[in-house]
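The structure appears below as structure tokens.
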Amino acid sequence: MTEQTLAPRSPDVAPGDGGSDGPAPRPTVPPRPESHARRFSPGWIAKLILVGLVDALGVYGIIAAAGVESWWIVAFLVAALAVVNWAYFSRRAVPAKYLVPGLLFLLVYQLFVMAYTGYIAFTNYGDGHNSTKSDAISAIETQNQERLPDSPAFPVAVVTRGDELGFAVVQDGKAEVGTADDPLAPVDGATVQAGKVTAVPGWTVLSFADIAGRAEAVTALAVPVSDDAGDGTLRTQNGSVAYVFSPVMQYDAKTDTFTNTKTGVTYTPSDHGNFVSAKGEKLEPGWRVTVGWENFTTMFTDSRLSGIFLKVTLWTFAFAFLSVATTFFLGLFLALVFNDPRVRGRKIYRSLLILPYAFPGFLAALVWSGMLNSKFGFVNQVLLGGANIDWLGDPWLAKLSVLGVNLWLGFPYMFLICTGALQSIPGDVMESARMDGAGAWRAFRSITLPLLMVSVAPLLISSFAFNFNNFTLIYLLTGGGPDFVGAPVPVGSTDILISMVYSVAFGTGSNDYGLASAVSILIFIVVGVISWIGFRRTRTLEEL
Amino acid sequence: MRRSIFSATAVALGAALALTACSSGDSGSGDKPSTPSAAATTDAPKLTGTLTIWTDETRIDVFKKLGQEYQQQSGVKVSVVQKASADIRADFVKQEPTGQGPDIIIGAHDWTGQLVTNGTVQPIELGDKASEFSPVTVSAFTYDGQVYGVPYAIENIALVRNNKLADSTPDSLDALIAQGKQIEAKDSKVKYPFVVQQGKDGDPYHLYPLQTSFGAPVFKQNDDGSYTDTIAMGGDNGHKFAEYLAKLGKAGVLDTAIDSQKATDAFSKGQTPYIITGPWNTPAFKKAGLDITVLPVPSAGGEKSNPFVGVQGAFISAKAQNPIVANDFVTNFLGSEAVQTELYTAGQRMPALTAAADKVDDPIIKGFTAAAGTTPMPSIPAMDSVWAFWGTTEAQIISGSAKNPDSAWDTMIKNIQAAIDKSKG
Amino acid sequence: MAAIDPTVASTTGGTGGTGDAGRPAGRVNDTRLRGRRWWKEVGWRHVVGVVVIVYCVLPLLYVLSAALNPNGSLTGSNDLFSTVSLSNFGELFGRGFGGWAVNSLVICVVTAIGTVLMGAAAAYAFSRYRFRGRRSTLTGLLLVQMFPQMLAAVAIFLLLLQLKDVFPVLGLNSIPGLIAVYLGGALGVNTFLLYGFFNTVPKELDEAARIDGASHAQVFWTIIMPLVTPILVVVGLLSFISTYGEFFIASTVLQSNSKFTLAIGLYQWASDERNAPWGLFAAGAVLAAIPVILLFLFLQKYIVGGLTSGSVKG
């Protein structure tokens with residue numbers, strides 16, 4: 001769309017010479033219908049069609065969502081449709097017309113992630129607490145079916161009669177049939193081929209396809225071997241062979257407890273989502289429950305972190321700040337250097353400058369980590385003529401290396417942004433500064449930079465926040481190392497807060513998403529407050 | 001009825017979730033009181049639905065082919081999904097509870113502990129078939145007395161020798177290093193007596209044969225070969241190993257600057273007569289024109305050296321949409337000699353099925369098997385608490401940044417124990 | 001490869017940060033500056049350019065070398081370009097690379113266009129209208145970007161699982177579904193970049209147009225948008241590039257090989273700890289970078305050089 005409007009514009013809006021002060025030149029707007037005719041303009045019809053389409057989709061969505069009883073989606077769609085129609089048909093809500101599309105997408109995808117993370121932060125979601133209680137119960141039941149020692153394998157036929165499902169097996173040379181309610185009992189007139197029942201009067205023998213079609217019922221079926229429950233039940237996993245199992249853990253829905261049939265120990269549900277015996281033994285798996293603020297306090301009460309927390313926090317701030325500063329100034333410098341039209345081939349220069357940005361970041365981190373290898377790396381071997389500098393092994397050099405690599409990765413972004421933003425700075429503002437005898441540096445300091453900051457400052461803030469949580473770089477380049485010698489958590493000199501969280505929540509045993517979410521939310525609050533303050537300060541620059 | 005994972009915040013969304021699960025003939029909660037209605041609707045007479053298999057990028061090609069074979073054979077539609085090896089396990093654990101995960105996941109036996117404690121996989125009763133696999137492969141997939149995976153291949157590291165540089169190998173590591181140094185002195189192209197990949201974070205997996213030869217296995221084993229979570233690598237034997245590492249590190253024989261790419265590059269270029277590595281690198285060595293022999297790792301501390309044995313196999317999801325077909329696929333199809341042989345041809349790892357393994361006559365693969373021993377990599381969840389400390393500490397001892405190897409080792413044991421205690425809650 | 005871009009030459013006027021007043025643009029200029037003055041004002045820029053490009057390209061030589069080496073490692077050796085062969089590039093296309101590239105381009109182009117349109121619309125509202133909640137919305141947009149994405153993949157998976165029942169096209173394993181997820185980030189930091197730039201377009205321009213009877217939509221489409229082309233292109237490029245390299249969410253949403261993007265495919269190759277096919281991976285990365293470079297080469301004339309900088313004075 002931009003392309004179309006571009007073409008006729010350049011002659012209309014004259015380049016280069018509109019005065020910088022006084023009224024701006026009036027652009028030659030192509031003749032338009034009068035504003036009161038707007039209701040019937042092509043634009044208005046286009047709007048009508050578009051909103052109509054959105055409405056149709058929305059109504060379809062409401063019906064579909066109601067069909068599957070997704071009431072949250074129904075509610076959201078109803079609200080969204082109301083907002084859309086209000087925004088586009090009300091004459092007053094002009095800003096809303098421009099904000100609604102983007103905000104709707106933001107609301108669905110970004111806010112859902114936030115809400116979900118917020119919810120998880122209050123749960124014990126993680127290894128051992130991966131799903132719901134009913135899943136945990138069924139997992140404990142299936143994991144604790146013990147095949148009776150020395151019991152034979154029965155070639156089994158799955159048979160049905162009406163709604164009833166049963167197993168037919170050959171035992172002691174005789175065909176026997178049983179169901180969930182009726183233990184195995186001999187039947188007369190059954191056909192047996194090669195040790196397997198192939199036909200039973202009154203029952204239909206299911207084919208493999210039939211069995212697979214009713215897999216859920218077949219695998220759930222447990223046919224008692226005899227009237228004595230202690231003899232176990234016949235079950236099959238593949239529909240062709242059955243074994244005699246006896247449950248070690250028996251679940252009682254009434255009391256909501258598990259009982260070990262061998263030892264008689266009972267396990268009752270705890271408020272941390274596990275069946276626990278009186279002695280404190282836990283059954284795995286547990287399930288996900290909310291645990292209140294526990295995850296939020298863990299990080300501060302974990303004695304293993306006490307000595308490390310401060311060091312890591314300081315480095316995180318230093319890393320984020322220096323990363324922004326270095327990438328921004330290099331990017332800006334290069335943008336200025338190549339903003340001069342007299343430089344031949346600057347198109348090529350510029351294109352090559354964004355090369356680091358065009359390659360996958362993780363690839364770059366891997367290559368750099370190879371290049372910085374103390375013995376064989378390119379930097380030591382080739383650039384420094386065989387020096388033996390331990391770039392990634394020495395705590396301070398590792399910090400320097402991380403910043404250096406981040407500079408390489410990040411300056412093209414800043415370069416692009418600054419190049420774009422520089423285009424809003426009128427050339428003759430610069431010129432008048434030069435006329436006044438201001439040096440290039442002063443002109444830059446007092447004119448270019450402040451003007452540039454108008455559009456770039458929020459990006460610097462957000463870049464700060466990004467680097468504050470730049471997990472990928474640290475993880476791939478140094479893994480946080482060199483690790484502190486003997487530290488009780490595997491955390492090192494280049495670890496930033498978010499990678500430390502990762503080490504603690506995932507690196508030393510079971511994954512703990514609850515903890516990870518809670519701490520990352522705390523980090524978010526810290527970064528958010530800093531950014532908010534920074535953002536308010538930029539107000540002086542941009543009359544918010 | 002399965003409750004939604006959102007139960008607290010979005011009950012209604014959860015209803016939809018559960019509904020999806022039911023309509024797709026999902027199992028795993030079959031004996032709950034409210035499911036029969038769902039079950040009753042799934043009595044379609046033909047083989048319907050899809051068998052979804054997750055596998056990683058390294059074996060996607062062969063499993064695609066196997067999937068097609070099985071599809072022709074059984075009529076079930078097989079969909080093979082490629083996941084990144086770095087994410088496949090975590091993604092499975094996260095997605096399985098929704099009922100939208102795969103029916104079968106191809107992976108390594110050491111996932112068993114995590115998958116079981118999360119309730120994401122179901123036991124597989126191998127019955128008499130169990131005896132058709134080599135014992136270590138079945139015990140590797142056994143957790144708490146139940147088998148959770150059907151094995152198809154074994155892999156482990158061993159000593160690989162460049163026959164052009166050395167034609168015989170002594171039976172102690174010290175003698176081997178001495179031999180390597182002589183070769184290095186004679187041949188200007190040779191730069192290292194032998195290489196073991198390390199890297200800045202260490203690599204305890206590749207050092208484990210050395211460690212076991214000092215009698216310091218990571219965890220105590222039960223009589224049946226299964227692991228307890230009692231750390232067994234502390235004490236005097238552990239100290240001896242730590243001191244040995246420090247010695248080799250000081251002598252420059254072990255070096256944290258040598259990572260896996262550097263190590264294999266050095267061996268491929270004939271810069272070292274020996275490397276400790278696994279079967280994943282030998283095809284490249286052969287391609288580089290090397291004449292190689294695979295041998296057990298010579299003992300460093302006097303006892304037999306045992307590398308970790310890794311076993312590859314297939315797990316069935318606890319919520320497999322069609323457990324019967326999934327079971328048929330993993331036990332009868334994947335466990336058949338023809339398929340195990342096909343997997344061997346594609347992956348060049350010793351088959352787990354004895355009948356298929358007996359027909360392997362590649363001296364290199366047989367050499368790896370001969371070096372294997374019987375200690376599978378522990379699959380207990382406590383193992384996850386070990387790796388990070390273990391690697392870091394070994395790297396620090398080798399590089400000399402941990403000045404006293406004994407106390408560094410003790411600190412490591414203490415930290416691992418604390419981490420295990422913490423994750424047990 | 002023309003050294004002087006004709007557009008630049010004819011329209012630049014006073015763009016340059018350090019431009020001389022009244023200096024004729026382009027070619028004439030280059031022939032006039034000689035010797036020390038040329039060095040002082042232009043020449044050194046070439047030196048800076050060459051130095052920085054070396055810094056940029058050096059690590060990438062490893063990638064190129066690995067791409068040309070049929071059985072090479074990525075960082076195992078410093079003997080760059082010891083073997084040169086195109087076999088990796090040939091093999092790429094047998095592995096679905098072509099399809100991934102098409103998917104990537106479709107996803108990234110649509111996302112970039114969507115991001116530009118939605119971002120520009122929002123920036124227009126923020127820049128030209130004063131309404132209740134404006135400041136808090138702006139601040140909110142900034143803060144939302146900082147929210148940790150640690151659980152994003154799980155959350156997005158669950159969300160799309162729900163959406164699949166209502167709008168199958170927005171569900172899992174669907175390219176439109178992934179694009180919609182990416183558009184969720186359209187009103188991000190880009191909005192601020194646009195907003196800042198919009199603010200430098202004088203309000204008198206739209207007021208004049210309004211007096212002439214233009215509607216707000218006409219002002220937006222025909223006055224503002226053309227004037228802010230440079231930043232639209234920058235935002236489009238930024239969106240394109242970041243989507244192009246994104247594999248975290250993409251690999252959760254897209255599950256079948258035929259729907260993969262380049263980033264997912266490459267990431268999966270690299271994630272093999274033991275035998276990552278570095279040669280193949282590097283070749284893929286080299287090819288994947290080409291569209292980005294070409295795109296930038298092509299779009300540069302819209303970013304810089306003089307479309308309109310003169311008339312955007314405040």
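Residues in the structure tokens are numbered from 1 in each chain, the chains being A, B, ... in the order shown, and ligands are numbered from 1 in the order shown.
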Worksheet item: In stretch 214-379 of chain B, what's strand (DSSP E) per DSSP? Answer as number ranges by chain?
Response: B: 219-221, 227-231, 274-277, 292-295, 310-316, 350-351
Write out the residues from the selection above, keeping C-alpha atoms, as a JSON list (two decimals), in the first residue's frame.
[["chain", "number", "residue", "atom", "x", "y", "z"],
["B", 219, "PHE", "CA", 25.97, -43.84, 41.95],
["B", 220, "LYS", "CA", 25.79, -47.08, 43.86],
["B", 221, "GLN", "CA", 24.17, -49.90, 41.89],
["B", 227, "TYR", "CA", 20.92, -47.37, 40.39],
["B", 228, "THR", "CA", 20.25, -45.97, 43.83],
["B", 229, "ASP", "CA", 20.69, -42.28, 44.45],
["B", 230, "THR", "CA", 23.58, -42.84, 46.84],
["B", 231, "ILE", "CA", 26.62, -41.03, 45.46],
["B", 274, "TYR", "CA", 44.25, -41.95, 19.98],
["B", 275, "ILE", "CA", 40.90, -40.44, 20.77],
["B", 276, "ILE", "CA", 38.20, -41.46, 23.21],
["B", 277, "THR", "CA", 34.97, -41.08, 21.32],
["B", 292, "ILE", "CA", 41.11, -47.25, 12.67],
["B", 293, "THR", "CA", 40.66, -49.85, 15.38],
["B", 294, "VAL", "CA", 38.22, -49.56, 18.26],
["B", 295, "LEU", "CA", 39.44, -50.81, 21.65],
["B", 310, "GLY", "CA", 23.46, -45.40, 26.25],
["B", 311, "VAL", "CA", 20.47, -47.21, 24.85],
["B", 312, "GLN", "CA", 18.10, -45.82, 22.26],
["B", 313, "GLY", "CA", 14.53, -46.89, 22.12],
["B", 314, "ALA", "CA", 10.87, -45.96, 21.96],
["B", 315, "PHE", "CA", 8.55, -44.81, 24.73],
["B", 316, "ILE", "CA", 4.75, -44.84, 24.62],
["B", 350, "MET", "CA", 24.79, -52.12, 17.63],
["B", 351, "PRO", "CA", 21.17, -53.42, 17.60]]
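What chain B places within 8 Å of chain C, counting only C-alpha atoms, is Leu13, Ala16, Leu17, Glu57, Thr58, Val81, Gln82, Lys83, Ala84, Ser85, Ala86, Lys94, Gln95, Gln261, Lys262, Ala263, Thr264, Asp265, Trp280, Asn281 and Ala284 of chain B.
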Worksheet item: So which one's closest to A:Gln423, C:Ala263, C:Ile241, C:Leu294, C:Leu227? Using only C-alpha atoms, please.
Response: C:Leu227
Discussion item. Taking only C-alpha atoms into account and nothing else, which residues of chain A lie no more than 7 Å away from chain B? Please answer as number ranges by chain.
Written reply: A: 68-72, 127-132, 134-136, 138-139, 142-143, 153, 209-210, 212-217, 220, 237-239, 284-285, 373-375, 485-486, 488, 490, 507-510
Discussion item. So that I can check the surroundings of A:Leu111, please list as a ChimeraX atom specification every protein, DNA and RNA residue that reaches within 10 Å of it, counting only C-alpha atoms and ignoring chain neighbours fewer than 6 positions away.
Written reply: /A:105,117 /C:144,147,184
Practice prompt. Quick one: everything within 12 Å of B:Asp358, counting only C-alpha atoms, minus sequence neighbours fewer than 5 positions away in the same chain. Send it as a list in words.
Written response: Glu132, Phe133, Ser134, Glu337, Gln340, Thr341, Tyr344, Met350, Pro351, Ala352, Leu353, Ile365, Lys366 and Thr369 of chain B
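Shortest separation to chain C among A:Gly479, A:Pro395, A:Pro412, A:Pro247 occurs at residue A:Pro412, atoms counted being only C-alpha atoms.
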Worksheet item: What lies within 10 Å of A:Lys311 using only C-alpha atoms, ignoring chain neighbours under 3 positions off, as a ChimeraX atom specification?
Response: /A:306-308,314-316,492-497
Worksheet item: Within 7 Å of stretch 298-305 of chain C, counting only C-alpha atoms, which residues qualify if same-chain residues fewer than 3 places away don't, as a ChimeraX atom specification?
Response: /A:420,423 /C:8,12,229-231,233-234,294-295
Within 7 Å of stretch 324-327 of chain A using only C-alpha atoms, minus same-chain residues under 4 positions, as a PDB file with N, CA and C atoms, in the first residue's frame:
ATOM      1  N   ALA A 320      23.985  -4.947  30.951  1.00  0.00           N
ATOM      2  CA  ALA A 320      22.889  -4.378  30.163  1.00  0.00           C
ATOM      3  C   ALA A 320      23.224  -2.950  29.750  1.00  0.00           C
ATOM      4  N   GLY A 331      26.786   1.983  16.479  1.00  0.00           N
ATOM      5  CA  GLY A 331      25.761   2.040  15.439  1.00  0.00           C
ATOM      6  C   GLY A 331      25.528   3.460  14.973  1.00  0.00           C
ATOM      7  N   LEU A 407      28.490  -6.629  21.195  1.00  0.00           N
ATOM      8  CA  LEU A 407      28.645  -5.447  20.345  1.00  0.00           C
ATOM      9  C   LEU A 407      28.530  -5.861  18.876  1.00  0.00           C
ATOM     10  N   GLY A 410      24.978  -6.696  18.115  1.00  0.00           N
ATOM     11  CA  GLY A 410      23.937  -5.700  18.327  1.00  0.00           C
ATOM     12  C   GLY A 410      24.088  -4.396  17.569  1.00  0.00           C
ATOM     13  N   PHE A 411      25.326  -4.084  17.100  1.00  0.00           N
ATOM     14  CA  PHE A 411      25.435  -2.750  16.518  1.00  0.00           C
ATOM     15  C   PHE A 411      24.656  -2.595  15.212  1.00  0.00           C
ATOM     16  N   MET A 414      21.302  -1.126  15.934  1.00  0.00           N
ATOM     17  CA  MET A 414      21.380   0.296  16.255  1.00  0.00           C
ATOM     18  C   MET A 414      21.708   1.110  15.008  1.00  0.00           C
ATOM     19  N   LEU A 460      16.266   2.613  23.222  1.00  0.00           N
ATOM     20  CA  LEU A 460      17.423   2.329  24.069  1.00  0.00           C
ATOM     21  C   LEU A 460      16.957   1.710  25.379  1.00  0.00           C
ATOM     22  N   SER A 463      16.045  -1.723  24.661  1.00  0.00           N
ATOM     23  CA  SER A 463      17.244  -2.509  24.417  1.00  0.00           C
ATOM     24  C   SER A 463      17.928  -2.857  25.737  1.00  0.00           C
ATOM     25  N   PHE A 464      17.905  -1.903  26.667  1.00  0.00           N
ATOM     26  CA  PHE A 464      18.430  -2.176  28.007  1.00  0.00           C
ATOM     27  C   PHE A 464      17.681  -3.357  28.622  1.00  0.00           C
TER      28      PHE A 464
END
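As for atom CA of A:Ser517 and atom CA of A:Thr297, they are spaced 12.4 Å apart.
Take atom CA of B:Val80 and atom CA of B:Gly67: the distance between them is 6.9 Å.
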Practice prompt. Could you check how far atom CA of C:Leu205 sits from atom CA of C:Ala121, in Å to one decimal?
Written response: 17.4 Å
Response to the item:
Judged by only C-alpha atoms, the minimum distance to A:Ala253 among A:Ala115, A:Ala457, A:Ile137, A:Ile354 is found for A:Ile137
